Amino acid sequence: MKAAYLFLKKHGVSISFILGTLLSVISIGAIIVGFPEGATMDTLYETTIFNPALNISYFLIIATSIAAVVGPLIYTILYIKESIKPLIMFVAVILMYVISIGMGATPNAEELTFYQGVDNKHLAADTIKYIDGLMIFTGITIFLTMCSLVFMGVWGFIKQR
């Protein structure tokens, strides 16, 4: 495991750039080769030449999502004593998210009509409540980030004395 970590630490960025470039060239090549001559917009909407690029993007999103979850999970399991503080912080963020979503305001009928306007008739009161909760969560996280930046600056000044 340590050898894999050291290898990826040394070569991981280069491998990812090369792999991304290779997959981009393959996608662009598939689009250029499959692009019909004199194509109209209707023809382009019916074509499947963009599917390889989309499928490669989906694959990369799924692979990186799995790696982003599995890697830290393995590390947490192997080094549980070192992972207690990050786990507590993760639980705190999840709790803050749940509380923020619960704090979202449900609009009344008049406010819902205003939010829906002309083009957004698909919006429901629950959706607006969820978005309001997400905005509260975002505000709280931005505030806490600013507080931590100020604290780091002040702490650095205090440590120097």
# chains A, B, ... in the order shown; residues from 1 in each chain; ligands from 1
>>> residues_around(residues="region 1-10 of chain A", least_positions_apart="4", cutoff="12 Å", atoms="only C-alpha atoms", output="list in words")
Ser14, Ile15, Ser16, Gly71, Ile74, Tyr75 and Leu78 of chain A
>>> write_last_selection(atoms="C-alpha atoms", output="short mmCIF file (atom, residue, chain, number, x, y, z; two decimals), in the first residue's frame")
data_model
loop_
_atom_site.label_atom_id
_atom_site.label_comp_id
_atom_site.auth_asym_id
_atom_site.auth_seq_id
_atom_site.Cartn_x
_atom_site.Cartn_y
_atom_site.Cartn_z
CA SER A 14 1.44 13.12 -14.82
CA ILE A 15 -0.61 9.95 -15.27
CA SER A 16 -3.88 11.84 -14.86
CA GLY A 71 -9.29 5.88 -0.74
CA ILE A 74 -9.44 2.54 3.44
CA TYR A 75 -7.15 5.03 5.16
CA LEU A 78 -6.40 1.27 8.59
#
>>> residues_around(residues="Ile131 (chain A)", least_positions_apart="2", cutoff="12 Å", atoms="only C-alpha atoms", output="PyMOL selection string")
chain A and resi 100-107+115+123-129+133-138
>>> residues_around(residues="region 50-57 of chain A", least_positions_apart="6", cutoff="8 Å", atoms="only C-alpha atoms", output="number ranges by chain")
A: 23-24, 27-28, 30-31
>>> atom_distance(atom1="CA of Glu46 (chain A)", atom2="CA of Tyr58 (chain A)")
20.3 Å
>>> select_by_dssp(residues="chain A", states="helix (DSSP H, G or I)", output="number ranges by chain")
A: 2-34, 41-46, 51-78, 84-103, 109-116, 125-160
